[in-house]
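Undergrad: Just so it is clear, I am handing over run32.cif, which has mmCIF, C-alpha atoms.
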```cif
data_run
#
loop_
_atom_site.label_atom_id
_atom_site.label_comp_id
_atom_site.auth_asym_id
_atom_site.auth_seq_id
_atom_site.Cartn_x
_atom_site.Cartn_y
_atom_site.Cartn_z
CA MET A 1 0.00 0.00 0.00
CA THR A 2 1.44 3.40 -0.92
CA PRO A 3 0.99 6.15 1.63
CA ARG A 4 -1.37 8.94 0.72
CA PRO A 5 0.45 12.15 -0.25
CA ARG A 6 0.05 14.97 2.25
CA ARG A 7 -1.30 18.22 0.84
CA GLY A 8 0.49 20.64 3.12
CA ARG A 9 -0.44 23.78 1.17
CA THR A 10 -4.21 23.82 1.46
CA GLY A 11 -4.73 21.11 4.04
CA ARG A 12 -8.13 20.40 2.52
CA ARG A 13 -7.37 17.14 0.77
CA ALA A 14 -5.48 15.78 3.77
CA GLY A 15 -8.40 16.84 5.96
CA GLU A 16 -10.97 15.12 3.76
CA SER A 17 -8.99 11.94 3.45
CA GLY A 18 -8.38 12.03 7.18
CA THR A 19 -12.11 12.36 7.79
CA ARG A 20 -12.90 9.56 5.38
CA GLU A 21 -10.33 7.35 7.08
CA ALA A 22 -11.85 8.14 10.49
CA ILE A 23 -15.29 7.18 9.17
CA LEU A 24 -14.01 3.93 7.66
CA GLU A 25 -12.15 3.11 10.87
CA ALA A 26 -15.27 3.77 12.96
CA SER A 27 -17.29 1.66 10.50
CA ARG A 28 -14.97 -1.31 10.73
CA ASP A 29 -15.13 -1.14 14.48
CA ARG A 30 -18.94 -0.78 14.61
CA PHE A 31 -19.58 -3.48 12.00
CA ALA A 32 -17.27 -5.84 13.88
CA ARG A 33 -18.85 -5.17 17.25
CA HIS A 34 -22.51 -4.83 16.28
CA GLY A 35 -22.77 -6.71 13.01
CA TYR A 36 -23.96 -5.23 9.73
CA ASP A 37 -27.56 -4.88 10.81
CA GLY A 38 -26.74 -3.51 14.28
CA ALA A 39 -24.38 -0.77 13.11
CA THR A 40 -26.04 2.54 12.26
CA ILE A 41 -24.65 5.44 10.27
CA ARG A 42 -25.62 7.72 13.17
CA ALA A 43 -23.47 5.72 15.62
CA ILE A 44 -20.59 5.43 13.18
CA ALA A 45 -20.67 9.20 12.62
CA LYS A 46 -20.65 9.79 16.36
CA ASP A 47 -17.63 7.49 16.80
CA ALA A 48 -15.82 9.31 14.00
CA GLY A 49 -16.74 12.72 15.42
CA VAL A 50 -18.58 13.88 12.30
CA ASP A 51 -22.13 14.70 11.30
CA PRO A 52 -24.16 11.74 9.95
CA ALA A 53 -24.96 13.90 6.90
CA LEU A 54 -21.27 13.87 6.01
CA VAL A 55 -21.20 10.07 6.09
CA HIS A 56 -24.19 10.03 3.75
CA HIS A 57 -22.51 12.63 1.58
CA PHE A 58 -19.31 10.56 1.27
CA TYR A 59 -20.77 7.07 1.06
CA GLY A 60 -24.48 7.31 0.27
CA THR A 61 -25.83 4.15 1.85
CA LYS A 62 -24.79 1.81 4.64
CA GLU A 63 -24.18 -0.83 1.98
CA ARG A 64 -21.68 1.42 0.20
CA LEU A 65 -20.04 2.37 3.47
CA PHE A 66 -19.58 -1.31 4.27
CA VAL A 67 -18.19 -1.96 0.78
CA ALA A 68 -15.66 0.84 1.26
CA ALA A 69 -14.72 -0.04 4.83
CA MET A 70 -14.36 -3.78 4.18
CA ARG A 71 -13.03 -3.44 0.65
CA PHE A 72 -15.88 -5.64 -0.52
CA PRO A 73 -15.18 -6.24 -4.21
CA VAL A 74 -18.56 -5.13 -5.57
CA VAL A 75 -21.65 -3.24 -4.50
CA PRO A 76 -24.10 -6.16 -4.39
CA SER A 77 -27.23 -4.11 -4.99
CA GLU A 78 -25.66 -2.66 -8.15
CA VAL A 79 -24.72 -6.03 -9.59
CA LEU A 80 -28.02 -7.58 -8.63
CA SER A 81 -30.13 -4.73 -9.95
CA ARG A 82 -28.55 -5.30 -13.36
CA LEU A 83 -29.81 -8.88 -13.24
CA ALA A 84 -33.39 -7.69 -12.85
CA GLY A 85 -33.96 -7.30 -16.59
CA ILE A 86 -32.26 -10.53 -17.64
CA ASP A 87 -34.03 -13.55 -19.07
CA ARG A 88 -34.78 -15.68 -16.02
CA ASP A 89 -33.20 -18.75 -17.62
CA ARG A 90 -29.86 -17.01 -17.98
CA LEU A 91 -29.45 -15.64 -14.49
CA GLY A 92 -26.99 -18.39 -13.60
CA GLU A 93 -24.83 -17.64 -16.59
CA MET A 94 -24.89 -13.91 -15.93
CA LEU A 95 -24.07 -14.26 -12.27
CA ALA A 96 -21.27 -16.74 -12.96
CA ARG A 97 -19.80 -14.47 -15.60
CA THR A 98 -20.07 -11.40 -13.39
CA VAL A 99 -18.29 -13.09 -10.49
CA LEU A 100 -15.53 -14.48 -12.69
CA GLU A 101 -15.03 -11.08 -14.31
CA VAL A 102 -14.85 -9.37 -10.95
CA TRP A 103 -12.12 -11.86 -10.08
CA GLY A 104 -10.45 -11.19 -13.40
CA SER A 105 -9.31 -7.79 -12.17
CA GLU A 106 -6.30 -8.02 -9.92
CA GLU A 107 -7.52 -5.52 -7.36
CA THR A 108 -10.99 -6.97 -6.84
CA ARG A 109 -9.54 -10.48 -6.87
CA ALA A 110 -7.14 -9.53 -4.10
CA GLN A 111 -10.01 -7.97 -2.15
CA SER A 112 -12.11 -11.11 -2.61
CA ILE A 113 -9.33 -13.38 -1.44
CA ALA A 114 -8.65 -11.20 1.60
CA LEU A 115 -12.34 -11.30 2.49
CA LEU A 116 -12.55 -15.06 2.05
CA ARG A 117 -9.50 -15.48 4.25
CA SER A 118 -10.78 -13.25 7.00
CA ALA A 119 -14.23 -14.89 6.95
CA VAL A 120 -12.66 -18.33 7.22
CA VAL A 121 -10.24 -17.44 10.00
CA ASN A 122 -12.02 -14.78 11.99
CA GLN A 123 -15.44 -15.53 13.49
CA ARG A 124 -16.22 -11.87 13.93
CA ALA A 125 -15.48 -11.17 10.26
CA ALA A 126 -17.64 -14.16 9.35
CA ALA A 127 -20.55 -12.83 11.41
CA MET A 128 -20.19 -9.41 9.83
CA LEU A 129 -20.18 -10.82 6.30
CA ARG A 130 -23.09 -13.05 7.17
CA GLY A 131 -25.18 -10.03 8.14
CA PHE A 132 -24.13 -8.11 5.06
CA VAL A 133 -24.89 -10.98 2.68
CA THR A 134 -28.22 -11.63 4.32
CA GLU A 135 -29.37 -8.02 4.19
CA THR A 136 -28.09 -7.08 0.75
CA ILE A 137 -28.18 -10.27 -1.29
CA VAL A 138 -31.06 -12.36 -0.01
CA GLY A 139 -33.60 -9.64 -0.73
CA ALA A 140 -32.39 -9.35 -4.29
CA VAL A 141 -32.49 -13.10 -4.78
CA ALA A 142 -36.03 -13.09 -3.44
CA ARG A 143 -37.03 -10.48 -6.03
CA ILE A 144 -35.36 -12.48 -8.80
CA ALA A 145 -36.23 -16.02 -7.84
CA GLY A 146 -39.30 -15.56 -5.68
CA GLU A 147 -39.72 -15.43 -1.93
CA ALA A 148 -39.88 -19.18 -1.42
CA ASP A 149 -36.53 -20.46 -0.22
CA ALA A 150 -34.80 -17.21 -1.16
CA GLU A 151 -32.33 -17.45 1.73
CA TYR A 152 -31.65 -21.10 1.06
CA ARG A 153 -31.12 -20.40 -2.63
CA ALA A 154 -28.81 -17.46 -1.92
CA CYS A 155 -26.77 -19.65 0.46
CA LEU A 156 -26.36 -22.39 -2.12
CA VAL A 157 -25.28 -19.88 -4.75
CA ALA A 158 -22.79 -18.51 -2.24
CA SER A 159 -21.46 -22.01 -1.56
CA GLN A 160 -20.60 -22.56 -5.23
CA ILE A 161 -19.12 -19.08 -5.67
CA VAL A 162 -17.06 -19.23 -2.48
CA GLY A 163 -15.83 -22.74 -3.29
CA LEU A 164 -14.89 -21.75 -6.82
CA GLY A 165 -12.97 -18.72 -5.53
CA ILE A 166 -11.05 -20.83 -3.05
CA VAL A 167 -10.22 -23.61 -5.50
CA ARG A 168 -9.29 -21.20 -8.31
CA TYR A 169 -7.35 -18.55 -6.39
CA VAL A 170 -6.56 -19.62 -2.85
CA VAL A 171 -5.69 -23.31 -3.12
CA ALA A 172 -5.04 -22.79 -6.85
CA LEU A 173 -6.01 -26.31 -7.86
CA GLU A 174 -5.27 -27.00 -11.51
CA PRO A 175 -6.73 -27.02 -14.08
CA VAL A 176 -9.42 -24.76 -12.60
CA ALA A 177 -6.80 -22.27 -11.40
CA SER A 178 -5.87 -21.39 -14.97
CA ALA A 179 -9.05 -22.30 -16.84
CA PRO A 180 -10.45 -19.61 -19.18
CA THR A 181 -13.33 -17.64 -17.71
CA GLU A 182 -15.73 -18.86 -20.38
CA ASP A 183 -15.02 -22.52 -19.59
CA LEU A 184 -15.81 -21.92 -15.95
CA VAL A 185 -18.93 -19.94 -16.81
CA ALA A 186 -20.14 -22.94 -18.83
CA ALA A 187 -19.24 -25.27 -15.97
CA VAL A 188 -20.85 -23.45 -13.05
CA ALA A 189 -23.66 -21.41 -14.65
CA PRO A 190 -26.11 -24.36 -14.70
CA THR A 191 -25.34 -24.98 -11.01
CA ILE A 192 -26.09 -21.38 -10.08
CA GLN A 193 -29.15 -21.33 -12.34
CA ARG A 194 -30.56 -24.40 -10.65
CA TYR A 195 -29.87 -22.99 -7.17
CA LEU A 196 -31.69 -19.78 -8.14
CA THR A 197 -34.69 -21.11 -10.01
CA GLY A 198 -34.61 -24.92 -10.10
CA ASP A 199 -36.26 -27.63 -8.06
CA LEU A 200 -33.91 -28.30 -5.15
CA ARG A 201 -35.79 -31.30 -3.79
CA GLU A 202 -35.96 -33.34 -6.95
CA LEU A 203 -33.72 -36.17 -5.78
CA ARG A 204 -35.21 -39.58 -6.30
CA ASP A 205 -36.12 -41.51 -3.18
CA PRO A 206 -32.73 -42.56 -1.85
CA GLY A 207 -34.16 -45.74 -0.34
CA GLY A 208 -35.63 -46.93 -3.60
CA VAL A 209 -32.59 -48.32 -5.35
CA ASP A 210 -30.26 -51.04 -4.14
CA GLY A 211 -26.72 -50.15 -3.30
CA VAL A 212 -27.25 -46.48 -2.59
CA ALA A 213 -27.66 -46.65 1.16
CA ALA A 214 -25.53 -44.16 3.03
CA LEU A 215 -21.93 -45.05 3.51
CA PRO A 216 -21.11 -45.83 7.15
CA MET B 1 -8.04 -33.43 23.77
CA THR B 2 -7.32 -35.77 26.68
CA PRO B 3 -3.67 -36.53 27.34
CA ARG B 4 -2.55 -40.05 26.63
CA PRO B 5 -2.07 -42.08 29.81
CA ARG B 6 1.53 -42.94 30.54
CA ARG B 7 2.22 -46.62 30.93
CA GLY B 8 5.02 -46.44 33.45
CA ARG B 9 5.09 -50.14 34.23
CA THR B 10 6.07 -51.61 30.90
CA GLY B 11 7.02 -48.45 29.05
CA ARG B 12 5.98 -50.16 25.83
CA ARG B 13 2.85 -48.17 25.08
CA ALA B 14 4.56 -44.87 25.85
CA GLY B 15 7.42 -45.94 23.58
CA GLU B 16 5.10 -46.88 20.72
CA SER B 17 3.09 -43.69 20.97
CA GLY B 18 6.33 -41.73 21.16
CA THR B 19 7.55 -43.43 18.00
CA ARG B 20 4.26 -42.80 16.23
CA GLU B 21 4.39 -39.17 17.25
CA ALA B 22 7.95 -38.86 15.93
CA ILE B 23 6.85 -40.37 12.61
CA LEU B 24 3.86 -38.03 12.34
CA GLU B 25 6.01 -35.06 13.24
CA ALA B 26 8.58 -36.00 10.58
CA SER B 27 5.74 -36.52 8.08
CA ARG B 28 4.25 -33.10 8.69
CA ASP B 29 7.64 -31.54 8.20
CA ARG B 30 8.45 -33.52 5.02
CA PHE B 31 5.01 -33.02 3.50
CA ALA B 32 5.22 -29.29 4.19
CA ARG B 33 8.71 -28.94 2.74
CA HIS B 34 8.53 -31.35 -0.19
CA GLY B 35 4.81 -31.60 -0.92
CA TYR B 36 2.81 -34.80 -0.93
CA ASP B 37 4.42 -36.24 -4.02
CA GLY B 38 7.97 -35.25 -3.04
CA ALA B 39 7.89 -36.74 0.44
CA THR B 40 8.91 -40.41 0.64
CA ILE B 41 8.31 -42.87 3.45
CA ARG B 42 12.02 -43.66 3.37
CA ALA B 43 12.95 -40.02 4.03
CA ILE B 44 10.28 -39.61 6.69
CA ALA B 45 11.52 -42.74 8.47
CA LYS B 46 15.07 -41.44 8.35
CA ASP B 47 13.99 -38.10 9.86
CA ALA B 48 12.10 -39.92 12.60
CA GLY B 49 15.05 -42.23 13.25
CA VAL B 50 13.12 -45.44 12.54
CA ASP B 51 13.12 -48.18 9.93
CA PRO B 52 10.85 -47.54 6.91
CA ALA B 53 9.28 -50.96 7.57
CA LEU B 54 7.99 -49.63 10.88
CA VAL B 55 6.30 -46.70 9.13
CA HIS B 56 4.63 -49.15 6.76
CA HIS B 57 3.70 -51.36 9.71
CA PHE B 58 2.04 -48.47 11.55
CA TYR B 59 0.45 -46.62 8.65
CA GLY B 60 0.38 -48.89 5.61
CA THR B 61 0.51 -46.41 2.76
CA LYS B 62 1.74 -42.88 2.25
CA GLU B 63 -1.90 -41.85 1.83
CA ARG B 64 -2.78 -43.21 5.29
CA LEU B 65 0.30 -41.63 6.79
CA PHE B 66 -0.76 -38.26 5.37
CA VAL B 67 -4.32 -38.78 6.66
CA ALA B 68 -2.95 -39.48 10.15
CA ALA B 69 -0.36 -36.70 10.15
CA MET B 70 -2.69 -34.03 8.76
CA ARG B 71 -5.84 -35.33 10.50
CA PHE B 72 -7.46 -35.57 7.09
CA PRO B 73 -11.06 -36.51 7.84
CA VAL B 74 -11.29 -39.57 5.56
CA VAL B 75 -9.04 -41.91 3.62
CA PRO B 76 -9.96 -40.82 0.08
CA SER B 77 -9.10 -44.11 -1.60
CA GLU B 78 -11.42 -45.95 0.81
CA VAL B 79 -14.36 -43.65 0.20
CA LEU B 80 -13.78 -43.58 -3.52
CA SER B 81 -13.33 -47.32 -3.86
CA ARG B 82 -16.80 -47.76 -2.37
CA LEU B 83 -18.17 -45.61 -5.17
CA ALA B 84 -16.79 -47.98 -7.79
CA GLY B 85 -19.81 -50.30 -7.69
CA ILE B 86 -22.45 -47.58 -7.60
CA ASP B 87 -24.88 -46.83 -10.41
CA ARG B 88 -23.13 -44.15 -12.42
CA ASP B 89 -26.16 -41.87 -12.29
CA ARG B 90 -26.12 -41.79 -8.51
CA LEU B 91 -22.47 -40.96 -7.90
CA GLY B 92 -23.29 -37.34 -7.17
CA GLU B 93 -25.86 -38.30 -4.60
CA MET B 94 -23.56 -40.82 -2.96
CA LEU B 95 -20.62 -38.45 -2.81
CA ALA B 96 -22.76 -35.60 -1.45
CA ARG B 97 -24.22 -37.88 1.21
CA THR B 98 -20.81 -39.26 2.16
CA VAL B 99 -19.31 -35.81 2.59
CA LEU B 100 -22.27 -34.51 4.60
CA GLU B 101 -22.17 -37.59 6.82
CA VAL B 102 -18.46 -37.20 7.41
CA TRP B 103 -19.21 -33.65 8.53
CA GLY B 104 -22.07 -34.94 10.68
CA SER B 105 -19.56 -36.36 13.14
CA GLU B 106 -18.10 -33.72 15.40
CA GLU B 107 -14.53 -34.97 15.22
CA THR B 108 -14.29 -35.24 11.45
CA ARG B 109 -16.14 -31.97 11.06
CA ALA B 110 -13.61 -30.25 13.30
CA GLN B 111 -10.79 -31.84 11.30
CA SER B 112 -12.34 -30.68 8.04
CA ILE B 113 -12.75 -27.12 9.27
CA ALA B 114 -9.18 -27.02 10.55
CA LEU B 115 -7.94 -28.25 7.17
CA LEU B 116 -10.03 -25.73 5.25
CA ARG B 117 -8.75 -22.95 7.48
CA SER B 118 -5.12 -23.93 7.09
CA ALA B 119 -5.44 -24.33 3.32
CA VAL B 120 -7.02 -20.90 3.03
CA VAL B 121 -4.51 -19.13 5.25
CA ASN B 122 -1.29 -21.01 4.71
CA GLN B 123 0.16 -21.35 1.22
CA ARG B 124 2.32 -24.26 2.21
CA ALA B 125 -0.66 -26.15 3.61
CA ALA B 126 -2.54 -25.35 0.41
CA ALA B 127 0.28 -26.73 -1.73
CA MET B 128 0.43 -29.86 0.36
CA LEU B 129 -3.31 -30.46 0.13
CA ARG B 130 -3.18 -29.75 -3.59
CA GLY B 131 -0.64 -32.52 -4.09
CA PHE B 132 -2.58 -34.93 -1.92
CA VAL B 133 -5.89 -34.24 -3.66
CA THR B 134 -4.30 -34.53 -7.08
CA GLU B 135 -2.59 -37.84 -6.35
CA THR B 136 -5.33 -39.56 -4.41
CA ILE B 137 -8.58 -38.18 -5.75
CA VAL B 138 -8.06 -37.34 -9.39
CA GLY B 139 -7.07 -40.89 -10.26
CA ALA B 140 -10.21 -42.23 -8.65
CA VAL B 141 -12.37 -39.69 -10.45
CA ALA B 142 -10.72 -40.72 -13.70
CA ARG B 143 -11.63 -44.36 -13.06
CA ILE B 144 -15.21 -43.40 -12.22
CA ALA B 145 -15.89 -40.70 -14.76
CA GLY B 146 -13.38 -41.45 -17.49
CA GLU B 147 -9.98 -39.99 -18.22
CA ALA B 148 -11.26 -37.00 -20.18
CA ASP B 149 -11.26 -33.92 -18.01
CA ALA B 150 -10.81 -35.99 -14.85
CA GLU B 151 -8.72 -33.30 -13.13
CA TYR B 152 -11.11 -30.57 -14.18
CA ARG B 153 -14.08 -32.59 -12.96
CA ALA B 154 -12.41 -33.38 -9.64
CA CYS B 155 -11.62 -29.68 -9.17
CA LEU B 156 -15.20 -28.64 -9.81
CA VAL B 157 -16.49 -31.26 -7.39
CA ALA B 158 -13.98 -29.96 -4.85
CA SER B 159 -15.20 -26.39 -5.42
CA GLN B 160 -18.79 -27.31 -4.48
CA ILE B 161 -17.76 -29.43 -1.51
CA VAL B 162 -15.32 -26.86 -0.14
CA GLY B 163 -17.82 -24.05 -0.63
CA LEU B 164 -20.58 -26.00 1.07
CA GLY B 165 -18.31 -26.78 4.02
CA ILE B 166 -17.40 -23.14 4.42
CA VAL B 167 -20.94 -21.81 4.10
CA ARG B 168 -22.40 -24.51 6.39
CA TYR B 169 -19.76 -24.68 9.10
CA VAL B 170 -17.26 -21.85 8.90
CA VAL B 171 -19.34 -18.81 7.94
CA ALA B 172 -22.45 -20.66 9.18
CA LEU B 173 -24.84 -18.95 6.79
CA GLU B 174 -28.45 -19.81 7.55
CA PRO B 175 -30.52 -21.70 6.54
CA VAL B 176 -27.79 -23.93 5.07
CA ALA B 177 -25.95 -24.00 8.42
CA SER B 178 -28.78 -25.91 10.05
CA ALA B 179 -30.40 -27.59 7.04
CA PRO B 180 -31.01 -31.34 7.35
CA THR B 181 -28.42 -33.48 5.60
CA GLU B 182 -31.00 -34.95 3.22
CA ASP B 183 -32.10 -31.50 2.03
CA LEU B 184 -28.53 -30.59 1.20
CA VAL B 185 -27.93 -33.93 -0.49
CA ALA B 186 -30.92 -33.21 -2.73
CA ALA B 187 -29.64 -29.69 -3.38
CA VAL B 188 -26.01 -30.44 -4.25
CA ALA B 189 -26.09 -34.02 -5.56
CA PRO B 190 -27.16 -32.97 -9.08
CA THR B 191 -24.32 -30.43 -9.12
CA ILE B 192 -21.73 -33.03 -8.20
CA GLN B 193 -23.27 -35.56 -10.57
CA ARG B 194 -23.02 -33.11 -13.46
CA TYR B 195 -19.43 -32.20 -12.59
CA LEU B 196 -18.53 -35.90 -12.56
CA THR B 197 -20.36 -37.18 -15.59
CA GLY B 198 -22.23 -34.34 -17.31
CA ASP B 199 -21.51 -32.11 -20.25
CA LEU B 200 -19.57 -29.15 -18.86
CA ARG B 201 -19.54 -27.14 -22.08
CA GLU B 202 -23.23 -27.16 -22.81
CA LEU B 203 -23.81 -23.45 -22.30
CA ARG B 204 -25.68 -21.81 -25.15
CA ASP B 205 -23.75 -19.31 -27.22
CA PRO B 206 -23.49 -16.33 -24.88
CA GLY B 207 -23.50 -13.90 -27.79
CA GLY B 208 -26.70 -15.22 -29.26
CA VAL B 209 -29.27 -13.56 -27.05
CA ASP B 210 -29.77 -9.88 -26.40
CA GLY B 211 -29.09 -8.54 -22.98
CA VAL B 212 -26.68 -11.20 -21.81
CA ALA B 213 -23.44 -9.52 -22.72
CA ALA B 214 -20.89 -9.51 -19.94
CA LEU B 215 -21.37 -6.92 -17.25
CA PRO B 216 -18.65 -4.28 -17.29
#
```
Show this structure as structure tokens.
TA:
Amino acid sequence: MTPRPRRGRTGRRAGESGTREAILEASRDRFARHGYDGATIRAIAKDAGVDPALVHHFYGTKERLFVAAMRFPVVPSEVLSRLAGIDRDRLGEMLARTVLEVWGSEETRAQSIALLRSAVVNQRAAAMLRGFVTETIVGAVARIAGEADAEYRACLVASQIVGLGIVRYVVALEPVASAPTEDLVAAVAPTIQRYLTGDLRELRDPGGVDGVAALP
Amino acid sequence: MTPRPRRGRTGRRAGESGTREAILEASRDRFARHGYDGATIRAIAKDAGVDPALVHHFYGTKERLFVAAMRFPVVPSEVLSRLAGIDRDRLGEMLARTVLEVWGSEETRAQSIALLRSAVVNQRAAAMLRGFVTETIVGAVARIAGEADAEYRACLVASQIVGLGIVRYVVALEPVASAPTEDLVAAVAPTIQRYLTGDLRELRDPGGVDGVAALP
């Protein structure tokens, strides 16, 4: 990370970036201690010693403040709102492609990996992400795929996306680690599509066929 | 963890467990430094100051030695050999159920989580697991699903399993965190089945329909 240049002459830029940093610092602390849903912009502003209106001015919504503070790689509501007009049968493809393209950029990939790592290692980070995902993503999935099972569907989509990110970038298992984006879109899009809009209970009766009893 | 009882009278048990511990310690070190494929039982035995025959006597194969040293939750070749006789169309279901049942036991679940965490955080652990997975699992997948794309298929299966483990147990995202095993088997079995035996390039031409161009 390169240090921010100081603007000694006017002081304004240094002051603004100092204020922003204080807000982000207060956000990280509040989100960690109170979770995404429990942290309010009013309380964060108070901790940072600024007016709540300034937080809104800089960051707009709590979602965007979280994205900035946690270096979350995308603004979920933005990505998901773009899916609203898509042919329902191609949501899986679009979501798979979007995620893989976000990871295609070095900066957002690095942010994604850092987030995955912290969620896996740090229970507080996991709880914070859990709240964020639930508030920002589940609602959008419900609008896209219907209310029924929206949380369950969002979770399953997350499981495939998180697992793909770990195998491709963290554990770097070949040949997925260096597979072209389009190959992986073709591979995982039907999975995501089914989790979003498919029948998730379609498995045949497991007791009905010989030799498929559970392994001990 | 309860401490092992000392057997002061004969000394034999303490000696054997001491020898086993020395072998496991040497294994962890060798696997970490040379990877799964580069570590040999001969070299591990030398490091531990024992005869290679004793390592074979205690642990049988290098795979089992790795499983013991790394507390890997299952012996992959054992699980996978049981899949050999299964109806090809139900491999996904069987594998999903096996994994979820392994995680159903507290000890193996804890082992799995610890492994996931170390692979995500520690590059050396990731490299070691990568070698182990490649040597022990890819071959079995090739025998089950055919040589073509066996590594790619195994990777994709791993991505869904790893992601499910993280969402269910590490980040504990509801409702997947507390979903019944059978619900999750029904949800992910078709994914795993397709990754093992399905067409992974079946996506329709992404350029052919309006409104599905890649998001910027």
Undergrad: Residues of range 85-133 of chain B that have any atom at most 12 Å from an atom of range 49-67 of chain B: could you tabulate them with the shortest-distance atom pair and the distance in Å to one decimal, using all atoms listed in the file, ordered by chain and increasing number, as CSV?
TA:
```
residue,atom,partner,partner_atom,distance
B:Thr108,CA,B:Val67,CA,11.6
B:Gln111,CA,B:Val67,CA,10.6
B:Ser112,CA,B:Val67,CA,11.5
B:Leu115,CA,B:Val67,CA,11.1
B:Met128,CA,B:Phe66,CA,9.9
B:Leu129,CA,B:Phe66,CA,9.7
B:Gly131,CA,B:Phe66,CA,11.1
B:Phe132,CA,B:Glu63,CA,7.9
B:Val133,CA,B:Glu63,CA,10.2
```
Undergrad: Output C-alpha atoms for every residue in that selection, as an mmCIF file, in the frame of the given file.
TA:
```cif
data_model
loop_
_atom_site.group_PDB
_atom_site.id
_atom_site.type_symbol
_atom_site.label_atom_id
_atom_site.label_comp_id
_atom_site.auth_asym_id
_atom_site.auth_seq_id
_atom_site.Cartn_x
_atom_site.Cartn_y
_atom_site.Cartn_z
ATOM 1 C CA THR B 108 -14.290 -35.240 11.450
ATOM 2 C CA GLN B 111 -10.790 -31.840 11.300
ATOM 3 C CA SER B 112 -12.340 -30.680 8.040
ATOM 4 C CA LEU B 115 -7.940 -28.250 7.170
ATOM 5 C CA MET B 128 0.430 -29.860 0.360
ATOM 6 C CA LEU B 129 -3.310 -30.460 0.130
ATOM 7 C CA GLY B 131 -0.640 -32.520 -4.090
ATOM 8 C CA PHE B 132 -2.580 -34.930 -1.920
ATOM 9 C CA VAL B 133 -5.890 -34.240 -3.660
#
```
Undergrad: Given the file shown, enumerate the residues that the PyMOL selection byres ((chain A) within 6 of (chain B)) captures and present them as a PyMOL selection string.
TA: chain A and resi 126+152+159-160+162-164+167+171+175+186-187+191+200-201+203
Undergrad: Selection from above, C-alpha atoms, as a PDB file, in the coordinates of the input, can you write it?
TA:
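Once written, out20.pdb looks like this:
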```
ATOM      1  CA  ALA A 126     -17.640 -14.160   9.350  1.00  0.00           C
ATOM      2  CA  TYR A 152     -31.650 -21.100   1.060  1.00  0.00           C
ATOM      3  CA  SER A 159     -21.460 -22.010  -1.560  1.00  0.00           C
ATOM      4  CA  GLN A 160     -20.600 -22.560  -5.230  1.00  0.00           C
ATOM      5  CA  VAL A 162     -17.060 -19.230  -2.480  1.00  0.00           C
ATOM      6  CA  GLY A 163     -15.830 -22.740  -3.290  1.00  0.00           C
ATOM      7  CA  LEU A 164     -14.890 -21.750  -6.820  1.00  0.00           C
ATOM      8  CA  VAL A 167     -10.220 -23.610  -5.500  1.00  0.00           C
ATOM      9  CA  VAL A 171      -5.690 -23.310  -3.120  1.00  0.00           C
ATOM     10  CA  PRO A 175      -6.730 -27.020 -14.080  1.00  0.00           C
ATOM     11  CA  ALA A 186     -20.140 -22.940 -18.830  1.00  0.00           C
ATOM     12  CA  ALA A 187     -19.240 -25.270 -15.970  1.00  0.00           C
ATOM     13  CA  THR A 191     -25.340 -24.980 -11.010  1.00  0.00           C
ATOM     14  CA  LEU A 200     -33.910 -28.300  -5.150  1.00  0.00           C
ATOM     15  CA  ARG A 201     -35.790 -31.300  -3.790  1.00  0.00           C
ATOM     16  CA  LEU A 203     -33.720 -36.170  -5.780  1.00  0.00           C
TER      17      LEU A 203
END
```
Undergrad: Just the number, please: Cα RMSD of chain B on chain A after least-squares superposition over all C-alpha atoms matched in order.
TA: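 C-alpha RMSD after optimal superposition stands at 0.2 Å.
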Undergrad: Considering all atoms listed in the file, can you say which of A:Thr40, A:Thr136, A:Thr19, A:Thr181 comes closest to Trp103 in chain A?
TA: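 Between A:Thr40, A:Thr136, A:Thr19, A:Thr181, the residue approaching Trp103 in chain A most closely is A:Thr181.
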Undergrad: Using CA of Ala140 in chain B and CA of Val74 in chain B as the two end points, give the distance in Å to one decimal.
TA: 14.5 Å
Undergrad: How far is it from CA of Ser81 in chain A to CA of Ala142 in chain A, in Å with one decimal?
TA: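 Atom-to-atom, CA of Ser81 in chain A to CA of Ala142 in chain A, that is 12.1 Å.
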Undergrad: Have a look at CA of Gly104 in chain B and CA of Val141 in chain A and let me know their distance in Å, one decimal.
TA: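 Computing the Euclidean distance for CA of Gly104 in chain B and CA of Val141 in chain A yields 28.7 Å.
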Undergrad: Step by step: start from the point (-15.8, -2.3, 15.4) in the file's coordinates, keep every protein, DNA or RNA residue that has an atom no farther than 12 Å from it, count all atoms listed in the file, and write the set as a list of chain:residue names.
TA: A:Ile23, A:Leu24, A:Glu25, A:Ala26, A:Ser27, A:Arg28, A:Asp29, A:Arg30, A:Phe31, A:Ala32, A:Arg33, A:His34, A:Gly35, A:Tyr36, A:Gly38, A:Ala39, A:Thr40, A:Ala43, A:Ile44, A:Asp47, A:Ala48, A:Phe66, A:Ala69, A:Met70, A:Arg124, A:Ala125, A:Met128
